[in-house]
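J.: A single structure is presented below for examination.
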Number of protein chains: 2
Amino acid sequence: MEYRFPEKVMGKRDSLIREIAEKGRAIPGFLSFAMGNPAPESIPVECLQQCAAEVFSEDPMAVLQYGPMEGDGKLAAWIRNRLTGAKGLPEDGQRLLLLTGSGKALGLLPRTLCAEGDRAFCDSFTFPNAFNSVKNVGGIPVGIPMDEKGMIPEALEKEAAKGGGKYVYLIPNFQNPTGMTMPFERRRELYEVARKYDLIIYEDDPYGEIRFSGEAVPAIKSLDEDGRVLYVGSFSKTLSAGLRVGFLYGAGELVGKIASVKGADGQDPLFNQKIIEKCLEKMDYEAHLKEISAIYGKKCMAMAEGLKKACAPSLGIHVPEGGMFLWVTVPETVDVDAMSDAALKAGVGVVKSAAFAVDPQKAGHAFRLNFSAPTLEQIEEGVKRFGEVTKEFC
Amino acid sequence: MEYRFPEKVMGKRDSLIREIAEKGRAIPGFLSFAMGNPAPESIPVECLQQCAAEVFSEDPMAVLQYGPMEGDGKLAAWIRNRLTGAKGLPEDGQRLLLLTGSGKALGLLPRTLCAEGDRAFCDSFTFPNAFNSVKNVGGIPVGIPMDEKGMIPEALEKEAAKGGGKYVYLIPNFQNPTGMTMPFERRRELYEVARKYDLIIYEDDPYGEIRFSGEAVPAIKSLDEDGRVLYVGSFSKTLSAGLRVGFLYGAGELVGKIASVKGADGQDPLFNQKIIEKCLEKMDYEAHLKEISAIYGKKCMAMAEGLKKACAPSLGIHVPEGGMFLWVTVPETVDVDAMSDAALKAGVGVVKSAAFAVDPQKAGHAFRLNFSAPTLEQIEEGVKRFGEVTKEFC
């Protein structure tokens, strides 16, 4: 049978990140800076294990039968309380929706907001699922140029003025892949552009809790006066990625519509949410965040220092204030594809900027390096290998 | 802000099933035959609890870190083996995809197969998410008339001939809501219509393992010669609904495209899959299915016998050979809405056929009664209450 797939699902690019992981597996002693896994030593394994056992024994039917469509109310209340308290997000008329990983929102937003042909704006380099999911509904993802503060408001305005735009996708804290943090003033400017062109802002903040230097910047959602900003958060980087618990938070009408689209997919598992809920109850979460941020900071510094020592001087090393990724830029004369292959051959996996490029014609001259998953020893050795490659190419 | 939602997500009907659950909560001593929960006594609680503890302690990082996108390979292999062995499904060129509940396939199919305006065919009365998810992508769900054997092939052919059709959604075993089982000949006829009009068949089989009378009928997928049939199964009714583990199985190219659409939503939790996998390893699944089918059969018979004794003779009682639902039809002169309200007032929740009607103009004259969730005592008492109502209305 010849399948008649609609245009929208055809011709998706393969994941370059997965490709590197697969090629790496065939190389003995391969060291990967390619994946986005949190630091394993930052996961509170024993606490989660104990919580899982308690959740199961206290009320097994609550986790083994169908549960409430909206998920665990206690966890939702805990998150809401933190968002409107410590984070300073607006409270009135807002609704929280638990998700099986915050990544689920990447699919839900275009499904809820975009008809075929509608446009969604995002950074020119961003998390690939953010633009793939727009294509999946027949929408058009539009990459907006960035500077060292993130998305450029004038560039967004230029595209927004063309019409057909529905939302702007942003990762204001420790952006993936560049690691950049958007200053408050830039957040405000982008919010004003969104207001002028009636766009929703999808503020994705999976890394925001992992800050190891500098000062926290208020969320765009904290500026939200008209229910325009959806704030999306996660426990994947702070407690466990594998349990898949995230959330979105925004104006009741908007979240209600997203929940209605989500509802037709059936329920999410409650067990995972209840484990996270119990863990938050037991632990001092703020102290835990400080502890793990210190772990991330130490690894980041080790990688940055190592790169400065080992690499060609023409390499641009962009050290983030938090998160999991360090971004290095190479001169525009460098053959990035060849350099990526050479790094693989040298036994170190880094991800070239093409993997994150909304427009494949603008593949960029940079690499994303993850410092959270490898050990300090692996960082030291991997950086040396990468350094040799930079000396050859840059 | 006024949200500019696309046409496709506007004007969804509220869930009548949830409405009954909510109204019932306000009624003291309310007995519900409205929900679709499996029998709690059929869930192997201790085994699952033990498996959860073992999964966690054996390799915590495997469930707490990001895992493979395709889910747990061991569970996938177990399912594949059973499908191609005991179930007689084709093996060559097929691929299995694990899902967070088989209900996730309801959203994935239209997202993968339908452009706006494309049509999907289903029984005129069916599981609401099956048609709501088609509307969510701007597709058009088309209800096809049924007789006592299920969807009528000539009626499907008439609609398919109009063009624009992409797939046919069927629940051949113990259909929701009618409880009907489609005979083998009918399955073959529908497969031939699908072939003639180049349609995919989405064979949803969440209840198939719970057969308490009659003989098993081979799956439509067992007839599949050209990669046209997607078989979707679940552990929700046999092990645990709350853990949310299901799967789809079909031709590699088709499943690959579905996996690619699903991929942009991010990962599913591996923990839940591993618990199910370990439980299947530990228990005698076939013996377990026999045991729980006997439990379901006993409850079904109790409800059927009770209805025959307590109800007006004009009530049509359709006793299924398996599954969780019993379908009762009332004369066409009956005001079904008023009767539904009267049942609620009498303290028993049943779901009127309108809840499952693809075309709200063809709301039908019937009710779905669930016999798996209530106890035998609740069935006895609830049936009496419903009997009084039928005597008033029928």
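To be explicit about the labels: the chains of the structure tokens are called A, B, and onward in the order shown, and within each one the residues are counted from 1, while ligands get numbers from 1 in the order they are shown.
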Residues of chain A within 6 Å of chain B, counting only C-alpha atoms, what are they? List them as a list in words.
T.: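 Contact residues on the first chain: Met1, Phe5, Pro6, Val63, Leu64, Gln65, Tyr66, Gly103, Lys104, Leu106, Gly107, Leu113, Ala115, Asn129, Ser133, Asp226, Ser240, Ala241, Gly242, Leu243, Arg244, Ala264, Asp265, Gly266 and Pro269 of chain A.
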J.: Please, which residues of segment 183-217 of chain A, numbered as in this document, come out strand (DSSP E or B) from DSSP, as an MDAnalysis selection string?
T.: chainID A and resid 200:204 211
J.: Could you name the residues that touch Arg25 of chain B at 12 Å or less, counting only C-alpha atoms, but leaving out those on the same chain fewer than 3 positions away, as a PyMOL selection string?
T.: chain B and resi 18-22+28-32+344-345+347-349
J.: May I have all residues of segment 216-387 of chain B that DSSP, computed from the backbone, assigns to alpha helix (DSSP H), given as an mmCIF file with C-alpha atoms, in the first residue's frame?
T.:
```cif
data_model
loop_
_atom_site.group_PDB
_atom_site.id
_atom_site.type_symbol
_atom_site.label_atom_id
_atom_site.label_comp_id
_atom_site.auth_asym_id
_atom_site.auth_seq_id
_atom_site.Cartn_x
_atom_site.Cartn_y
_atom_site.Cartn_z
ATOM 1 C CA GLY B 252 7.010 -0.117 9.450
ATOM 2 C CA GLU B 253 6.580 2.885 7.165
ATOM 3 C CA LEU B 254 3.248 3.859 8.692
ATOM 4 C CA VAL B 255 4.354 3.355 12.297
ATOM 5 C CA GLY B 256 7.585 5.216 11.529
ATOM 6 C CA LYS B 257 5.600 8.255 10.418
ATOM 7 C CA ILE B 258 3.429 8.084 13.547
ATOM 8 C CA ALA B 259 6.566 7.785 15.678
ATOM 9 C CA SER B 260 7.991 10.858 14.006
ATOM 10 C CA VAL B 261 4.884 12.922 14.808
ATOM 11 C CA LYS B 262 4.900 11.564 18.363
ATOM 12 C CA GLY B 263 8.610 12.331 18.703
ATOM 13 C CA LEU B 270 9.783 4.363 31.001
ATOM 14 C CA PHE B 271 9.083 3.485 34.646
ATOM 15 C CA ASN B 272 5.481 2.528 33.934
ATOM 16 C CA GLN B 273 6.460 0.341 30.990
ATOM 17 C CA LYS B 274 9.099 -1.442 33.023
ATOM 18 C CA ILE B 275 6.639 -2.201 35.825
ATOM 19 C CA ILE B 276 4.261 -3.799 33.309
ATOM 20 C CA GLU B 277 7.136 -5.688 31.683
ATOM 21 C CA LYS B 278 8.306 -7.141 34.992
ATOM 22 C CA CYS B 279 4.773 -8.050 36.003
ATOM 23 C CA LEU B 280 4.284 -9.966 32.742
ATOM 24 C CA GLU B 281 7.539 -11.785 33.402
ATOM 25 C CA LYS B 282 6.502 -12.799 36.909
ATOM 26 C CA TYR B 285 -0.668 -13.750 32.004
ATOM 27 C CA GLU B 286 -2.929 -16.238 30.231
ATOM 28 C CA ALA B 287 -4.136 -17.649 33.565
ATOM 29 C CA HIS B 288 -4.632 -14.078 34.826
ATOM 30 C CA LEU B 289 -6.772 -13.248 31.781
ATOM 31 C CA LYS B 290 -8.946 -16.297 32.422
ATOM 32 C CA GLU B 291 -9.406 -15.327 36.053
ATOM 33 C CA ILE B 292 -10.340 -11.743 35.394
ATOM 34 C CA SER B 293 -12.581 -12.659 32.458
ATOM 35 C CA ALA B 294 -14.526 -14.863 34.883
ATOM 36 C CA ILE B 295 -14.905 -11.896 37.258
ATOM 37 C CA TYR B 296 -16.190 -9.712 34.423
ATOM 38 C CA GLY B 297 -18.525 -12.470 33.193
ATOM 39 C CA LYS B 298 -20.072 -12.908 36.597
ATOM 40 C CA LYS B 299 -20.745 -9.188 36.911
ATOM 41 C CA CYS B 300 -22.137 -8.991 33.403
ATOM 42 C CA MET B 301 -24.519 -11.889 34.023
ATOM 43 C CA ALA B 302 -25.639 -10.373 37.319
ATOM 44 C CA MET B 303 -26.468 -7.134 35.552
ATOM 45 C CA ALA B 304 -28.195 -8.826 32.612
ATOM 46 C CA GLU B 305 -30.302 -11.083 34.837
ATOM 47 C CA GLY B 306 -31.166 -8.188 37.100
ATOM 48 C CA LEU B 307 -32.237 -6.023 34.173
ATOM 49 C CA LYS B 308 -34.428 -8.776 32.749
ATOM 50 C CA LYS B 309 -36.220 -9.071 36.079
ATOM 51 C CA ALA B 310 -36.464 -5.396 36.988
ATOM 52 C CA VAL B 336 -34.072 9.665 26.365
ATOM 53 C CA ASP B 337 -32.899 12.937 27.904
ATOM 54 C CA ALA B 338 -35.726 12.943 30.430
ATOM 55 C CA MET B 339 -35.124 9.267 31.180
ATOM 56 C CA SER B 340 -31.427 9.939 31.750
ATOM 57 C CA ASP B 341 -32.289 12.721 34.204
ATOM 58 C CA ALA B 342 -34.814 10.465 35.953
ATOM 59 C CA ALA B 343 -32.177 7.756 36.387
ATOM 60 C CA LEU B 344 -29.836 10.306 37.966
ATOM 61 C CA LYS B 345 -32.614 11.387 40.332
ATOM 62 C CA LEU B 376 -22.210 -7.248 42.701
ATOM 63 C CA GLU B 377 -24.232 -5.607 45.482
ATOM 64 C CA GLN B 378 -24.100 -2.247 43.724
ATOM 65 C CA ILE B 379 -25.159 -3.905 40.486
ATOM 66 C CA GLU B 380 -28.147 -5.501 42.226
ATOM 67 C CA GLU B 381 -29.312 -2.271 43.807
ATOM 68 C CA GLY B 382 -28.545 -0.031 40.814
ATOM 69 C CA VAL B 383 -30.388 -2.296 38.423
ATOM 70 C CA LYS B 384 -33.462 -2.126 40.639
ATOM 71 C CA ARG B 385 -33.332 1.657 40.569
ATOM 72 C CA PHE B 386 -32.903 1.681 36.798
ATOM 73 C CA GLY B 387 -35.729 -0.852 36.468
#
```
J.: If we count only C-alpha atoms and set the cut-off at 7 Å, which residues sit around Ile210 of chain A, ignoring sequence neighbours fewer than 2 positions away in its own chain? Please answer as a VMD selection string.
T.: chain A and resid 207 to 208 212 289 293 322 to 323
J.: My list of candidates is A:Tyr169, A:Ile201, A:Pro218, A:Glu41. Which is closest to Pro374 of chain A when distances are computed with only C-alpha atoms?
T.: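 Comparing A:Tyr169, A:Ile201, A:Pro218, A:Glu41 against Pro374 of chain A, the winner is A:Glu41.
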J.: Please list as a list in words every residue within 10 Å of Asp335 of chain A, counting only C-alpha atoms and excluding residues in the same chain fewer than 6 positions away.
T.: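 Selected residues are His365, Phe393 and Cys394 of chain A.
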J.: Write out as a PyMOL selection string which residues come within 12 Å of segment 145-154 of chain B when counting only C-alpha atoms, dropping same-chain ones fewer than 2 positions away.
T.: chain B and resi 121-126+142-143+156-161+168-194+196+318-320+327+357-359+362+364
